[in-house]
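Each remark here refers to the structure printed beneath this line.
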Amino acid sequence: QVQLVESGGGLVQAGASLRLSCAASEGIQTWYAMAWFRQAPGKERMFVAAISGSSGSSGRTNYAVSVRGRFTISRDNGKNTLYLQMTNLKPEDPAVYYCAAATTSYIPSNNLYNYWGQGTQVTVSS
């Protein structure tokens, strides 16, 4: 069974840090590329960051311009867990954050992912 379960969301003040986790079931292979997306109320789901799978270009990352330098995506293949370390959170960052996995080791250039989690809410107070 394929399952992605996000955790770590919450309410923080602007400028604070938060780390999101995404626990992947055994059906998610370590060679799958994985990513974080976010969706704010009334807006489309947007790409945040991605990381390649454990083959070929292992560990390659890609970030949205709006989070580059503030967010860091990483994965622990031993724990089959994806992380998103968020620092210097801004008023534009609040959203539901989703974890996703693609059945390819390379980061999909078209942002098409096969599996999605249910999301975790991040709220930033000014």
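The way I read the labels, and the way they are meant: chains A, B, ... in the order of the structure tokens, residue 1 as the first residue of every chain, and ligand 1 as the first ligand shown, with later ones counted on from there.
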
Val124 of chain A: which residues within 7 Å, counting only C-alpha atoms, same-chain residues fewer than 5 positions away excluded, as a short mmCIF file (atom, residue, chain, number, x, y, z; two decimals) with N, CA, C and O atoms, in the first residue's frame?
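Writing the result to selection_15.cif gives the following:
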data_model
loop_
_atom_site.label_atom_id
_atom_site.label_comp_id
_atom_site.auth_asym_id
_atom_site.auth_seq_id
_atom_site.Cartn_x
_atom_site.Cartn_y
_atom_site.Cartn_z
N LEU A 11 1.42 26.50 14.07
CA LEU A 11 1.39 27.96 14.09
C LEU A 11 2.70 28.49 14.63
O LEU A 11 3.12 28.11 15.73
N VAL A 12 3.35 29.34 13.86
CA VAL A 12 4.60 29.96 14.28
C VAL A 12 4.56 31.44 13.95
O VAL A 12 3.75 31.89 13.14
N GLN A 13 5.47 32.18 14.57
CA GLN A 13 5.57 33.61 14.27
C GLN A 13 6.43 33.83 13.04
O GLN A 13 7.29 33.00 12.70
N ALA A 14 6.23 34.94 12.39
CA ALA A 14 7.06 35.30 11.25
C ALA A 14 8.52 35.34 11.70
O ALA A 14 8.84 35.82 12.79
N LYS A 90 7.68 33.58 6.35
CA LYS A 90 7.12 34.88 6.00
C LYS A 90 5.60 34.81 5.94
O LYS A 90 5.03 33.71 5.83
N PRO A 91 4.94 35.96 5.96
CA PRO A 91 3.47 35.97 5.90
C PRO A 91 2.91 35.31 4.65
O PRO A 91 1.74 34.90 4.63
N PRO A 94 2.12 30.73 4.70
CA PRO A 94 1.04 29.88 5.22
C PRO A 94 0.29 29.16 4.11
O PRO A 94 -0.04 29.74 3.08
#

Please extract the residues of segment 4-33 of chain A with a backbone DSSP assignment of strand (DSSP E) and present them as JSON, numbers by chain. {"A": [4, 5, 6, 7, 10, 11, 12, 13, 18, 19, 20, 21, 22, 23, 24, 33]}

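In this comparison, which uses only C-alpha atoms, the residue of A:Thr123, A:Ser54, A:Thr81, A:Asn88 approaching Tyr106 of chain A most closely is A:Ser54.
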
Surrounding residues of Gly10 of chain A excluding itself and chain neighbours under 3 positions, 12 Å, only C-alpha atoms, as a PDB file with C-alpha atoms, in the first residue's frame:
ATOM      1  CA  GLU A   6       2.900  14.567   6.528  1.00  0.00           C
ATOM      2  CA  SER A   7       3.492  15.991   9.994  1.00  0.00           C
ATOM      3  CA  GLN A  13       5.572  33.606  14.272  1.00  0.00           C
ATOM      4  CA  ALA A  16      10.582  31.422  12.978  1.00  0.00           C
ATOM      5  CA  SER A  17      11.571  27.985  11.702  1.00  0.00           C
ATOM      6  CA  LEU A  18       9.620  24.781  11.259  1.00  0.00           C
ATOM      7  CA  ARG A  19      10.458  21.318   9.989  1.00  0.00           C
ATOM      8  CA  LEU A  20       7.939  19.239   8.106  1.00  0.00           C
ATOM      9  CA  LEU A  89       8.971  32.005   7.630  1.00  0.00           C
ATOM     10  CA  PRO A  94       1.041  29.883   5.221  1.00  0.00           C
ATOM     11  CA  ALA A  95      -0.619  27.040   3.338  1.00  0.00           C
ATOM     12  CA  VAL A  96      -1.372  23.376   3.455  1.00  0.00           C
ATOM     13  CA  TYR A  97       1.882  21.642   2.609  1.00  0.00           C
ATOM     14  CA  GLY A 119      -1.222  17.675   3.793  1.00  0.00           C
ATOM     15  CA  THR A 120      -0.229  19.507   6.942  1.00  0.00           C
ATOM     16  CA  GLN A 121      -1.225  23.083   7.783  1.00  0.00           C
ATOM     17  CA  VAL A 122       1.384  25.778   8.309  1.00  0.00           C
ATOM     18  CA  THR A 123       0.237  29.096   9.749  1.00  0.00           C
ATOM     19  CA  VAL A 124       2.446  32.140  10.237  1.00  0.00           C
ATOM     20  CA  SER A 125       1.462  35.008  12.518  1.00  0.00           C
TER      21      SER A 125
END
